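Asker: I'm passing along data14.txt; it holds compact mmCIF, C-alpha atoms and all ligand atoms.
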```
# COMPACT_ATOMS: atom_id res chain seq x y z
CA MET M 1 58.07 4.83 4.46
CA SER M 2 55.09 6.89 5.62
CA PRO M 3 54.29 6.60 9.35
CA LYS M 4 51.43 4.27 10.19
CA ILE M 5 48.20 6.21 10.73
CA LYS M 6 45.77 4.79 13.26
CA LEU M 7 42.42 4.48 11.54
CA GLU M 8 39.35 5.55 13.46
CA ASN M 9 36.42 3.20 13.70
CA PHE M 10 33.80 5.41 12.15
CA ILE M 11 30.16 4.97 13.01
CA ALA M 12 27.09 6.75 11.66
CA PRO M 13 26.28 10.04 13.43
CA LYS M 14 24.05 9.74 16.50
CA GLY M 15 20.40 9.37 15.57
CA MET M 16 21.21 8.52 11.95
CA GLN M 17 21.29 5.06 10.51
CA ASP M 18 22.21 3.02 7.49
CA VAL M 19 19.26 1.62 5.62
CA MET M 20 20.44 -1.88 4.86
CA PRO M 21 19.46 -3.87 1.73
CA SER M 22 16.96 -5.93 3.74
CA ASP M 23 15.30 -2.67 4.92
CA CYS M 24 15.35 -1.27 1.41
CA LEU M 25 13.01 -4.08 0.36
CA TYR M 26 10.42 -2.45 2.64
CA TRP M 27 11.32 1.04 1.56
CA ASP M 28 10.94 0.21 -2.14
CA TYR M 29 7.63 -1.47 -1.35
CA ILE M 30 6.34 1.64 0.45
CA PHE M 31 7.71 4.08 -2.14
CA SER M 32 6.15 2.06 -4.95
CA ALA M 33 2.71 2.39 -3.30
CA VAL M 34 3.32 6.11 -2.64
CA ASP M 35 4.31 6.69 -6.25
CA LYS M 36 1.55 4.62 -7.80
CA LEU M 37 -1.30 5.93 -5.66
CA GLY M 38 0.06 9.49 -5.65
CA LYS M 39 -0.09 9.52 -9.44
CA THR M 40 -3.51 7.81 -9.47
CA TYR M 41 -4.84 10.64 -7.29
CA GLY M 42 -3.38 13.23 -9.68
CA PHE M 43 -0.24 14.27 -7.76
CA ASN M 44 2.96 15.30 -9.54
CA ARG M 45 6.35 14.67 -8.03
CA ILE M 46 8.48 17.56 -6.81
CA GLU M 47 11.89 17.54 -5.09
CA THR M 48 13.19 20.59 -3.25
CA PRO M 49 16.65 21.23 -1.70
CA ILE M 50 17.56 19.61 1.60
CA LEU M 51 19.06 22.94 2.77
CA GLU M 52 16.93 26.07 2.84
CA ASP M 53 17.20 29.60 4.24
CA SER M 54 16.79 29.17 8.02
CA ARG M 55 14.12 31.88 8.11
CA LEU M 56 11.88 29.82 5.83
CA PHE M 57 11.43 27.35 8.69
CA SER M 58 11.25 29.80 11.58
CA ARG M 59 8.61 31.82 9.75
CA SER M 60 6.49 28.83 8.69
CA ILE M 61 6.85 26.24 11.46
CA GLY M 62 6.92 28.98 14.12
CA GLU M 63 9.63 30.55 16.33
CA ASN M 64 8.14 29.03 19.48
CA THR M 65 7.84 25.43 18.34
CA ASP M 66 10.10 22.66 19.63
CA ILE M 67 11.34 22.08 16.08
CA VAL M 68 12.59 25.65 15.56
CA GLU M 69 13.65 26.30 19.16
CA LYS M 70 15.57 23.10 19.80
CA GLU M 71 15.77 20.77 16.84
CA MET M 72 17.17 22.62 13.83
CA TYR M 73 20.52 21.79 12.22
CA ASN M 74 21.74 25.30 11.39
CA LEU M 75 24.86 26.26 9.48
CA THR M 76 26.46 29.35 8.00
CA THR M 77 27.99 28.93 4.54
CA LYS M 78 31.38 30.34 3.57
CA GLY M 79 29.46 33.12 1.86
CA GLY M 80 27.66 33.94 5.11
CA ASP M 81 24.21 32.53 4.23
CA LYS M 82 22.34 31.07 7.17
CA LEU M 83 20.86 27.76 6.08
CA SER M 84 19.14 24.85 7.85
CA LEU M 85 18.73 21.18 7.06
CA ARG M 86 15.02 20.86 6.41
CA PRO M 87 13.07 19.49 9.41
CA GLU M 88 10.01 18.92 7.22
CA GLY M 89 8.99 19.17 3.58
CA THR M 90 6.01 21.49 3.31
CA ALA M 91 7.85 24.81 3.74
CA GLY M 92 10.19 24.04 0.82
CA VAL M 93 7.33 22.92 -1.41
CA ILE M 94 5.38 26.11 -0.69
CA ARG M 95 8.49 28.22 -1.36
CA ALA M 96 8.81 26.41 -4.72
CA TYR M 97 5.09 26.95 -5.40
CA ILE M 98 5.55 30.70 -4.91
CA ASN M 99 8.92 30.96 -6.71
CA SER M 100 7.80 29.04 -9.80
CA GLY M 101 4.50 30.82 -10.23
CA MET M 102 2.45 27.67 -9.64
CA ALA M 103 -0.37 29.97 -8.55
CA ASN M 104 -0.95 30.46 -12.29
CA TRP M 105 -1.43 26.74 -12.90
CA SER M 106 -4.85 25.18 -12.78
CA GLN M 107 -5.73 24.96 -9.05
CA PRO M 108 -5.52 23.04 -6.86
CA VAL M 109 -1.94 22.00 -7.52
CA LYS M 110 -1.23 18.50 -6.22
CA LEU M 111 2.40 17.72 -5.41
CA PHE M 112 4.24 14.90 -3.68
CA TYR M 113 7.83 14.38 -2.54
CA THR M 114 10.03 11.92 -0.71
CA GLY M 115 13.30 12.50 1.09
CA PRO M 116 15.30 12.90 4.28
CA MET M 117 14.35 15.31 7.07
CA PHE M 118 16.50 16.33 10.05
CA ARG M 119 15.56 17.12 13.63
CA TYR M 120 18.09 17.38 16.45
CA ASP M 121 15.92 15.53 18.94
CA ARG M 122 16.87 12.95 21.56
CA PRO M 123 17.16 9.70 19.56
CA GLN M 124 14.89 6.90 20.76
CA ALA M 125 12.81 4.08 19.25
CA GLY M 126 10.90 5.50 16.28
CA ARG M 127 12.61 8.88 16.55
CA GLN M 128 15.78 9.56 14.62
CA ARG M 129 17.68 12.73 13.85
CA GLN M 130 17.61 11.86 10.17
CA PHE M 131 14.39 10.26 9.00
CA THR M 132 12.52 10.01 5.74
CA GLN M 133 9.14 11.32 4.78
CA ALA M 134 6.83 10.94 1.83
CA GLY M 135 4.60 13.98 1.70
CA PHE M 136 1.60 15.14 -0.28
CA GLU M 137 0.29 18.68 -0.68
CA ILE M 138 -2.91 19.99 -2.27
CA ILE M 139 -2.48 23.73 -2.77
CA GLY M 140 -5.16 26.17 -3.90
CA SER M 141 -8.49 24.93 -2.60
CA MET M 142 -10.39 25.35 0.65
CA ASP M 143 -12.94 22.69 -0.28
CA PRO M 144 -13.27 20.13 2.57
CA ILE M 145 -13.44 17.38 -0.06
CA PHE M 146 -9.66 17.72 -0.39
CA ASP M 147 -9.13 17.22 3.36
CA ALA M 148 -11.05 13.99 3.00
CA GLN M 149 -9.26 13.05 -0.22
CA MET M 150 -5.89 13.49 1.47
CA ILE M 151 -6.96 11.10 4.21
CA GLN M 152 -8.44 8.72 1.63
CA LEU M 153 -5.13 8.69 -0.27
CA VAL M 154 -3.15 7.93 2.87
CA TYR M 155 -5.61 5.27 3.89
CA SER M 156 -5.38 3.63 0.46
CA ILE M 157 -1.56 3.61 0.67
CA PHE M 158 -1.76 1.70 3.96
CA LYS M 159 -4.28 -0.66 2.41
CA LYS M 160 -2.04 -1.27 -0.59
CA ILE M 161 0.98 -2.14 1.55
CA LYS M 162 -1.29 -4.40 3.64
CA LEU M 163 -0.89 -2.60 6.99
CA LYS M 164 -3.97 -3.36 8.98
CA ASN M 165 -5.78 -1.59 11.85
CA ILE M 166 -4.99 1.89 10.63
CA VAL M 167 -7.02 4.58 12.35
CA ILE M 168 -7.13 8.30 11.71
CA ASN M 169 -7.05 10.62 14.72
CA ILE M 170 -8.70 13.84 13.66
CA ASN M 171 -9.47 17.27 15.08
CA SER M 172 -10.04 20.84 13.98
CA ILE M 173 -7.94 23.58 15.51
CA GLY M 174 -9.95 26.38 13.91
CA ASP M 175 -8.51 29.38 12.16
CA ALA M 176 -6.83 32.60 13.25
CA LYS M 177 -10.26 34.06 14.16
CA CYS M 178 -11.66 31.39 16.46
CA ARG M 179 -8.39 30.05 17.81
CA GLY M 180 -7.67 33.34 19.59
CA LYS M 181 -10.71 32.97 21.81
CA TYR M 182 -9.88 29.35 22.48
CA LYS M 183 -6.28 30.15 23.42
CA THR M 184 -7.52 32.72 25.96
CA ALA M 185 -9.86 30.15 27.52
CA LEU M 186 -7.07 27.57 27.58
CA VAL M 187 -4.57 29.94 29.20
CA ASP M 188 -7.20 30.91 31.80
CA TYR M 189 -7.72 27.24 32.62
CA TYR M 190 -4.04 26.36 32.94
CA LYS M 191 -2.89 29.59 34.58
CA SER M 192 -4.42 28.68 37.92
CA ARG M 193 -2.82 25.22 37.65
CA ALA M 194 0.55 26.37 36.31
CA ASN M 195 2.53 25.04 39.29
CA LYS M 196 1.35 21.52 38.42
CA LEU M 197 2.56 21.74 34.79
CA CYS M 198 5.93 20.41 33.61
CA PRO M 199 8.60 23.14 33.02
CA ASP M 200 8.13 22.89 29.22
CA CYS M 201 4.39 23.44 29.50
CA ARG M 202 4.86 26.35 31.89
CA ARG M 203 6.86 27.98 29.11
CA ARG M 204 4.26 26.94 26.54
CA LEU M 205 1.57 28.68 28.57
CA SER M 206 2.78 32.07 27.39
CA LYS M 207 4.31 31.04 24.04
CA ASN M 208 2.34 28.16 22.54
CA PRO M 209 -0.52 27.10 24.89
CA LEU M 210 -2.12 24.63 22.43
CA ARG M 211 0.92 22.37 22.71
CA ILE M 212 0.13 21.78 26.40
CA LEU M 213 -2.70 19.56 25.15
CA ASP M 214 -0.41 17.02 23.53
CA CYS M 215 2.31 17.02 26.20
CA LYS M 216 3.27 13.43 26.98
CA GLU M 217 4.06 14.16 30.69
CA GLU M 218 1.56 12.32 32.83
CA LYS M 219 0.70 15.24 35.11
CA CYS M 220 0.04 17.50 32.10
CA SER M 221 -2.06 14.99 30.19
CA ALA M 222 -4.13 14.24 33.33
CA MET M 223 -5.02 17.91 33.63
CA ARG M 224 -6.29 18.28 30.09
CA GLU M 225 -9.38 16.16 30.79
CA PHE M 226 -11.29 19.17 32.10
CA ALA M 227 -9.64 21.75 29.86
CA PRO M 228 -11.83 23.65 27.39
CA GLN M 229 -12.10 21.90 24.01
CA ILE M 230 -11.53 23.62 20.69
CA VAL M 231 -14.66 22.15 19.07
CA ASP M 232 -16.75 24.33 21.39
CA TYR M 233 -14.96 27.46 20.16
CA LEU M 234 -14.99 26.86 16.38
CA CYS M 235 -16.57 29.65 14.33
CA VAL M 236 -19.41 28.70 11.99
CA GLU M 237 -17.10 28.43 8.97
CA CYS M 238 -14.59 26.15 10.72
CA HIS M 239 -17.37 24.12 12.30
CA ASN M 240 -19.08 23.51 8.96
CA HIS M 241 -15.80 22.72 7.28
CA PHE M 242 -14.95 20.08 9.88
CA LYS M 243 -18.46 18.62 9.70
CA SER M 244 -18.15 18.26 5.91
CA VAL M 245 -14.77 16.55 6.19
CA LEU M 246 -16.22 13.98 8.60
CA GLU M 247 -19.25 13.43 6.36
CA TYR M 248 -16.99 12.71 3.38
CA LEU M 249 -14.99 10.24 5.47
CA ASP M 250 -18.21 8.55 6.58
CA GLU M 251 -19.20 8.29 2.93
CA ILE M 252 -16.21 6.03 2.22
CA ASN M 253 -16.16 4.29 5.61
CA ILE M 254 -12.77 5.48 6.76
CA PRO M 255 -12.42 4.79 10.49
CA TYR M 256 -11.48 7.87 12.50
CA ILE M 257 -11.34 8.92 16.12
CA LEU M 258 -12.28 12.46 17.13
CA ASN M 259 -9.34 13.50 19.24
CA PRO M 260 -9.86 16.93 20.86
CA TYR M 261 -6.25 16.97 22.11
CA LEU M 262 -4.64 16.62 18.72
CA VAL M 263 -2.91 19.93 17.93
CA ARG M 264 0.32 18.96 16.07
CA GLY M 265 3.75 20.47 16.52
CA LEU M 266 3.86 23.06 13.77
CA ASP M 267 2.32 26.51 13.98
CA TYR M 268 1.08 26.76 10.41
CA TYR M 269 -1.89 24.42 10.75
CA THR M 270 -5.47 25.67 10.53
CA LYS M 271 -8.80 23.82 10.68
CA THR M 272 -8.40 20.06 10.04
CA VAL M 273 -5.45 18.26 11.65
CA PHE M 274 -4.98 14.50 11.65
CA GLU M 275 -2.54 11.74 12.50
CA ILE M 276 -2.38 8.15 11.40
CA VAL M 277 -1.91 5.54 14.11
CA VAL M 278 -2.16 1.79 14.40
CA GLU M 279 -5.09 0.73 16.54
CA GLY M 280 -3.90 -1.15 19.61
CA GLY M 281 -0.36 -0.62 18.33
CA ASN M 282 2.72 0.49 20.19
CA LYS M 283 2.19 1.73 23.73
CA ARG M 284 3.46 5.20 23.03
CA GLN M 285 1.18 5.42 19.98
CA LEU M 286 3.84 6.77 17.66
CA SER M 287 2.09 8.19 14.64
CA LEU M 288 2.95 6.81 11.21
CA GLY M 289 2.04 10.09 9.57
CA GLY M 290 0.34 13.36 10.17
CA GLY M 291 -0.99 16.35 8.38
CA GLY M 292 -3.52 19.08 8.20
CA ARG M 293 -4.76 22.20 6.51
CA TYR M 294 -2.48 25.23 6.37
CA ASP M 295 -4.59 27.96 4.81
CA ASP M 296 -2.32 30.85 5.85
CA LEU M 297 1.10 29.44 4.99
CA VAL M 298 1.41 30.58 1.35
CA GLU M 299 0.64 34.13 2.45
CA ILE M 300 3.00 33.92 5.44
CA LEU M 301 5.78 32.98 3.01
CA GLY M 302 5.05 35.89 0.68
CA GLY M 303 2.48 34.50 -1.78
CA ALA M 304 -1.13 35.45 -2.33
CA PRO M 305 -3.63 34.03 0.20
CA THR M 306 -3.95 30.38 -0.87
CA PRO M 307 -5.61 27.63 1.16
CA ALA M 308 -3.89 24.23 1.21
CA ILE M 309 -3.68 20.88 2.93
CA GLY M 310 -0.86 18.37 3.33
CA VAL M 311 0.32 15.16 4.95
CA ALA M 312 3.70 13.55 5.65
CA LEU M 313 4.31 9.85 6.25
CA GLY M 314 7.28 8.54 8.24
CA ILE M 315 8.96 5.84 6.15
CA GLU M 316 11.11 4.31 8.92
CA ARG M 317 8.13 3.93 11.25
CA ILE M 318 5.98 2.41 8.51
CA ALA M 319 8.76 -0.03 7.59
CA ASP M 320 9.12 -1.00 11.26
CA GLN M 321 5.38 -1.52 11.51
CA LEU M 322 5.39 -3.71 8.39
CA LYS M 323 8.10 -5.88 9.93
CA ALA M 324 6.27 -6.06 13.26
CA SER M 325 3.09 -7.09 11.43
CA HIS M 326 5.02 -9.85 9.64
CA VAL M 327 4.32 -8.53 6.17
CA ALA M 328 6.88 -10.72 4.40
CA LEU M 329 8.66 -9.41 1.35
CA VAL M 330 10.85 -11.50 -0.90
CA LYS M 331 13.69 -10.28 -3.00
CA ASN M 332 12.51 -10.66 -6.56
CA SER M 333 14.98 -11.10 -9.33
CA SER M 334 13.83 -9.93 -12.70
CA ALA M 335 16.49 -12.04 -14.43
CA LYS M 336 15.29 -14.48 -17.07
CA VAL M 337 18.68 -15.85 -18.01
CA PHE M 338 21.73 -16.80 -15.96
CA ILE M 339 25.27 -17.13 -17.28
CA VAL M 340 27.64 -19.79 -15.94
CA GLN M 341 31.31 -19.72 -16.92
CA LEU M 342 34.36 -21.90 -16.35
CA GLY M 343 37.94 -20.78 -17.07
CA ASP M 344 39.55 -17.49 -18.08
CA LYS M 345 38.68 -17.54 -21.75
CA ALA M 346 35.07 -18.51 -21.02
CA LYS M 347 34.85 -15.73 -18.45
CA LYS M 348 35.77 -13.17 -21.11
CA LYS M 349 33.20 -14.62 -23.54
CA SER M 350 30.58 -14.61 -20.77
CA PHE M 351 31.35 -10.99 -20.03
CA LYS M 352 30.53 -10.16 -23.65
CA LEU M 353 27.48 -12.42 -23.70
CA PHE M 354 26.09 -10.70 -20.59
CA ASN M 355 26.47 -7.38 -22.36
CA ASP M 356 24.81 -8.72 -25.56
CA LEU M 357 21.85 -10.08 -23.55
CA LEU M 358 21.25 -6.78 -21.77
CA GLU M 359 21.58 -4.85 -25.03
CA ALA M 360 18.99 -7.16 -26.56
CA GLY M 361 16.67 -6.26 -23.67
CA ILE M 362 16.94 -9.68 -21.96
CA PRO M 363 17.27 -9.37 -18.15
CA ALA M 364 20.29 -11.50 -17.26
CA ALA M 365 22.18 -12.35 -14.09
CA GLU M 366 25.67 -13.72 -13.42
CA SER M 367 27.96 -14.78 -10.65
CA PHE M 368 31.33 -13.85 -12.15
CA GLY M 369 32.95 -13.98 -8.71
CA ARG M 370 32.34 -17.72 -8.41
CA GLY M 371 34.54 -20.33 -10.11
CA SER M 372 32.78 -23.67 -9.78
CA ILE M 373 29.87 -24.59 -12.00
CA LYS M 374 28.03 -26.12 -9.06
CA SER M 375 28.06 -22.97 -6.96
CA GLN M 376 27.01 -20.84 -9.95
CA LEU M 377 24.08 -23.16 -10.66
CA ARG M 378 23.04 -22.82 -7.04
CA VAL M 379 22.74 -19.06 -7.52
CA ALA M 380 20.73 -19.62 -10.72
CA ASN M 381 18.41 -21.89 -8.77
CA ARG M 382 17.96 -19.33 -6.02
CA LEU M 383 17.04 -16.68 -8.58
CA GLN M 384 14.54 -19.12 -10.09
CA VAL M 385 15.86 -18.51 -13.59
CA ARG M 386 14.56 -20.86 -16.25
CA ILE M 387 17.35 -20.56 -18.83
CA VAL M 388 21.03 -21.01 -17.96
CA LEU M 389 23.75 -20.40 -20.52
CA ILE M 390 27.00 -22.23 -19.83
CA ILE M 391 30.35 -21.44 -21.41
CA GLY M 392 33.19 -23.79 -20.46
CA GLN M 393 36.65 -24.14 -21.91
CA LYS M 394 35.45 -26.25 -24.86
CA GLU M 395 32.60 -23.91 -25.74
CA SER M 396 34.87 -20.87 -25.59
CA LEU M 397 37.11 -22.47 -28.22
CA ASP M 398 34.23 -23.84 -30.34
CA GLY M 399 32.24 -20.61 -30.36
CA THR M 400 29.25 -22.36 -28.80
CA VAL M 401 27.09 -22.02 -25.70
CA ILE M 402 25.31 -24.74 -23.71
CA LEU M 403 21.69 -23.80 -23.11
CA ARG M 404 20.24 -25.57 -20.08
CA ASP M 405 16.53 -25.58 -19.32
CA MET M 406 16.46 -25.58 -15.52
CA GLU M 407 12.98 -27.02 -15.32
CA SER M 408 13.42 -30.03 -17.63
CA GLY M 409 17.18 -30.33 -17.10
CA MET M 410 17.62 -30.65 -20.91
CA GLN M 411 20.80 -29.20 -22.44
CA GLU M 412 21.52 -28.14 -26.03
CA ILE M 413 24.63 -26.82 -27.71
CA ILE M 414 23.95 -23.62 -29.63
CA ASP M 415 26.13 -21.58 -31.96
CA SER M 416 27.11 -18.48 -29.97
CA LEU M 417 26.13 -16.25 -32.91
CA LYS M 418 22.57 -17.58 -32.67
CA ILE M 419 22.20 -17.61 -28.91
CA ILE M 420 20.35 -14.30 -28.48
CA LYS M 421 17.81 -15.31 -31.11
CA GLU M 422 17.35 -18.71 -29.46
CA VAL M 423 16.86 -17.21 -25.97
CA LYS M 424 14.33 -14.73 -27.35
CA LYS M 425 12.43 -17.56 -29.07
CA ARG M 426 12.24 -19.55 -25.84
CA MET M 427 11.17 -16.55 -23.81
CA LYS M 428 8.41 -15.89 -26.34
CA ASN M 429 7.27 -19.49 -26.00
CA GLY M 430 6.93 -18.98 -22.26
CA ASN M 431 10.14 -20.72 -21.30
P1 LIG M 501 5.52 15.65 11.48
O1 LIG M 501 6.27 16.30 10.35
O2 LIG M 501 6.11 15.91 12.81
O3 LIG M 501 4.07 15.88 11.37
O4 LIG M 501 5.72 14.08 11.28
C1 LIG M 501 5.06 13.33 10.30
C2 LIG M 501 5.54 11.91 10.41
O5 LIG M 501 6.95 11.83 10.21
C3 LIG M 501 5.34 11.30 11.79
O6 LIG M 501 4.05 10.78 11.91
C4 LIG M 501 6.39 10.22 11.82
O7 LIG M 501 5.93 9.07 11.16
C5 LIG M 501 7.51 10.84 11.05
N1 LIG M 501 8.50 11.45 11.94
C6 LIG M 501 8.48 12.69 12.48
N2 LIG M 501 9.56 12.91 13.25
C7 LIG M 501 10.29 11.77 13.21
C8 LIG M 501 11.54 11.36 13.80
N3 LIG M 501 12.26 12.18 14.56
N4 LIG M 501 11.98 10.11 13.54
C9 LIG M 501 11.27 9.26 12.75
N5 LIG M 501 10.11 9.60 12.17
C10 LIG M 501 9.62 10.83 12.39
```
With the file now loaded, output its structure as structure tokens.
Answerer:
Amino acid sequence: MSPKIKLENFIAPKGMQDVMPSDCLYWDYIFSAVDKLGKTYGFNRIETPILEDSRLFSRSIGENTDIVEKEMYNLTTKGGDKLSLRPEGTAGVIRAYINSGMANWSQPVKLFYTGPMFRYDRPQAGRQRQFTQAGFEIIGSMDPIFDAQMIQLVYSIFKKIKLKNIVININSIGDAKCRGKYKTALVDYYKSRANKLCPDCRRRLSKNPLRILDCKEEKCSAMREFAPQIVDYLCVECHNHFKSVLEYLDEINIPYILNPYLVRGLDYYTKTVFEIVVEGGNKRQLSLGGGGRYDDLVEILGGAPTPAIGVALGIERIADQLKASHVALVKNSSAKVFIVQLGDKAKKKSFKLFNDLLEAGIPAAESFGRGSIKSQLRVANRLQVRIVLIIGQKESLDGTVILRDMESGMQEIIDSLKIIKEVKKRMKNGN
């Protein structure tokens, strides 16, 4: 006899969670809106690998960002390749854009994706180490109409899933030309106050000063009130671009808040940046999604200079918000017919009948695990199925099926060879 092995009680890794069937109702609901509206707005689906060359992320997101410095899941393969679990989706999509010669397609190219992302952060409410994003990218145009269209698309997704009080926080962080001057002004401002900054921001002062603006530490956020604002440093091109974006949004009445402190956590952004929040929502104002223009990224990753804009939505946070807003979802069964069986022989016949129904294109349901007719009928009732087909011992010997109309309660005995035809006839007649 083999020695008894003590089984571990396994749990999901820290910061990662099971998405249970009741949550999946919300996920499917969100994904269905993402898919439908994405396609309506002319986006094509793309899926890229979950693992990528680590340098793809350090080069695009930036060496001195929290994500690359602290939050990457890195691994070395047996062959010695250094790969990382993707912390976000845009870098992979842009790599695919370059690799597959999408620059030769008609521009702009509109792509969308969904899938898991990984960041080794401290897990807390609304922040997991594995989370899921739906993202959209418009690559190959610098026209501000696409910044506005991206926001319009996101706004229409929230409208479709019936999440209310959605507000867009928006800012422009300029481009490589004007941001330099702004960074100098910002560093000058904070340098004399460096001893009052949190340790992270003191480091940011030399490495990534813009991120001081969205530090959540109270002493840092209090200081930003008198800090220079990027809008005053935008060059004419960036200024006009931002103005046009806002005018387009005004045109379609999308509510936005000009937020001069919004800078976002990834280095590749230029000009427009935005985040989606719920007005008067959670205290910490966790964003449900965020995005912006990244006009230099394609070039940074080895392609020709190509302007682009993107957004990513956080599925877990949106699902949580839907639940908190009491958007009720019910499990819908598509079944039109339910099979009830009693006894071994009948069970076998039912098994075949279920197969015949599905092959005939009739959505059917069963409860083969249950023995009693009463409990099976209860399931049929719950699924709100109109037609129930019953095979008992007698029917299995006779080659017949009892057809029960659940609404009228009427029952008929039908030859089993004719049952598919009969069900189809009743479905056609609206039964
Ligand atoms: P980001 O890629 O950081 O711009 O994030 C875009 C969206 O993804 C956020 O607005 C969140 O909804 C979601 N998100 C980002 N990080 C996390 C995380 N650690 N856990 C859950 N959702 C996240």
Asker: Please give me, as a PyMOL selection string, the residues lying within 8 Å of ligand LIG 501 (chain M) when counting all atoms listed in the file.
Answerer: chain M and resi 87-89+118-119+121+123+126-133+264-266+275-276+286-291+311-318
Asker: Can you tell me which residues surround segment 49-59 of chain M at a distance of at most 6 Å, considering only C-alpha atoms, apart from same-chain residues fewer than 3 positions away, and format the answer as a PyMOL selection string?
Answerer: chain M and resi 62-63+68+82-86
Asker: Any chance you can output those residues with C-alpha atoms as a CSV table (one decimal), in the coordinates of the input?
Answerer:
```
chain,number,residue,atom,x,y,z
M,62,GLY,CA,6.9,29.0,14.1
M,63,GLU,CA,9.6,30.6,16.3
M,68,VAL,CA,12.6,25.6,15.6
M,82,LYS,CA,22.3,31.1,7.2
M,83,LEU,CA,20.9,27.8,6.1
M,84,SER,CA,19.1,24.8,7.8
M,85,LEU,CA,18.7,21.2,7.1
M,86,ARG,CA,15.0,20.9,6.4
```
Asker: Out of M:Asp81, M:Asn208, M:Lys36, M:Pro13, which residue has the shortest atom-to-atom distance to Glu69 of chain M when counting all atoms listed in the file?
Answerer: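 Going through M:Asp81, M:Asn208, M:Lys36, M:Pro13 one by one, the smallest distance to Glu69 of chain M is for M:Asn208.
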Asker: Just want the 12 Å neighbourhood of Lys243 of chain M, counted on all atoms listed in the file, with same-chain residues fewer than 4 positions away dropped. Output as a ChimeraX atom specification.
Answerer: /M:144-145,147-148,170-172,231,234,236-239,247-250,258,271-272
Asker: Between M:Cys235, M:Leu383, M:Val423, M:Leu7, which has the minimum distance to Ala365 of chain M (counting all atoms listed in the file)?
Answerer: M:Leu383
Asker: Quick one: everything within 12 Å of Phe146 of chain M, counting only C-alpha atoms, minus sequence neighbours fewer than 6 positions away in the same chain. Send it as a PyMOL selection string.
Answerer: chain M and resi 41+107-110+136-140+152-153+241-242+244-246+248-249+272+292-293+307-311
Asker: How far is it from atom CA of Pro228 of chain M to atom CA of Met150 of chain M, in Å with one decimal?
Answerer: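 Computing it gives 28.5 Å between the two atoms.
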Asker: Residues at most 8 Å from Asn44 of chain M, counting only C-alpha atoms, excluding those fewer than 6 positions away in the same chain, as a list in words?
Answerer: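 The contact residues come out as Gly38, Lys110, Leu111 and Phe112 of chain M.
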Asker: Neighbouring residues of Ser60 of chain M were defined as those with any atom within 9 Å, considering only C-alpha atoms; residues of the same chain fewer than 6 positions away were excluded. Please report them as a short mmCIF file (atom, residue, chain, number, x, y, z; two decimals) with C-alpha atoms, keeping the file's coordinate frame.
Answerer:
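Below you can see selection.cif, which holds the result:
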```
data_model
loop_
_atom_site.label_atom_id
_atom_site.label_comp_id
_atom_site.auth_asym_id
_atom_site.auth_seq_id
_atom_site.Cartn_x
_atom_site.Cartn_y
_atom_site.Cartn_z
CA ALA M 91 7.85 24.81 3.74
CA LEU M 266 3.86 23.06 13.77
CA ASP M 267 2.32 26.51 13.98
CA TYR M 268 1.08 26.76 10.41
CA LEU M 297 1.10 29.44 4.99
CA ILE M 300 3.00 33.92 5.44
CA LEU M 301 5.78 32.98 3.01
#
```
Asker: Counting all atoms listed in the file, which of M:Phe354, M:Tyr97, M:Phe338, M:Tyr113 gets nearest to Glu299 of chain M?
Answerer: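 The shortest atom-to-atom distance to Glu299 of chain M comes from M:Tyr97.
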Asker: Looking at M:Leu403, M:Ile151, M:Val277, M:Ala185, which one is nearest to Lys164 of chain M, with distances taken over all atoms listed in the file?
Answerer: M:Val277
Asker: State, in Å with one decimal place, the distance from atom CA of Ile161 of chain M to atom CA of Ser333 of chain M.
Answerer: 19.9 Å
Asker: Once you've located segment 297-320 of chain M in the structure I gave, write it as a JSON list (two decimals), in the first residue's frame, keeping C-alpha atoms.
Answerer:
```json
[["chain", "number", "residue", "atom", "x", "y", "z"],
["M", 297, "LEU", "CA", 5.36, 54.63, -28.95],
["M", 298, "VAL", "CA", 5.38, 52.97, -32.38],
["M", 299, "GLU", "CA", 8.70, 54.66, -33.14],
["M", 300, "ILE", "CA", 10.12, 53.82, -29.69],
["M", 301, "LEU", "CA", 9.36, 50.15, -30.43],
["M", 302, "GLY", "CA", 11.08, 50.24, -33.82],
["M", 303, "GLY", "CA", 8.30, 51.26, -36.24],
["M", 304, "ALA", "CA", 7.92, 54.37, -38.33],
["M", 305, "PRO", "CA", 6.65, 57.48, -36.47],
["M", 306, "THR", "CA", 2.93, 56.75, -36.05],
["M", 307, "PRO", "CA", 0.55, 58.68, -33.80],
["M", 308, "ALA", "CA", -2.00, 56.67, -31.81],
["M", 309, "ILE", "CA", -4.44, 56.71, -28.95],
["M", 310, "GLY", "CA", -5.76, 53.99, -26.64],
["M", 311, "VAL", "CA", -7.81, 53.16, -23.57],
["M", 312, "ALA", "CA", -8.05, 50.21, -21.17],
["M", 313, "LEU", "CA", -11.04, 49.37, -18.98],
["M", 314, "GLY", "CA", -10.73, 47.37, -15.75],
["M", 315, "ILE", "CA", -13.30, 44.57, -15.88],
["M", 316, "GLU", "CA", -13.20, 43.63, -12.17],
["M", 317, "ARG", "CA", -13.74, 47.22, -11.06],
["M", 318, "ILE", "CA", -16.58, 47.72, -13.54],
["M", 319, "ALA", "CA", -18.24, 44.49, -12.39],
["M", 320, "ASP", "CA", -17.90, 45.60, -8.75]]
```
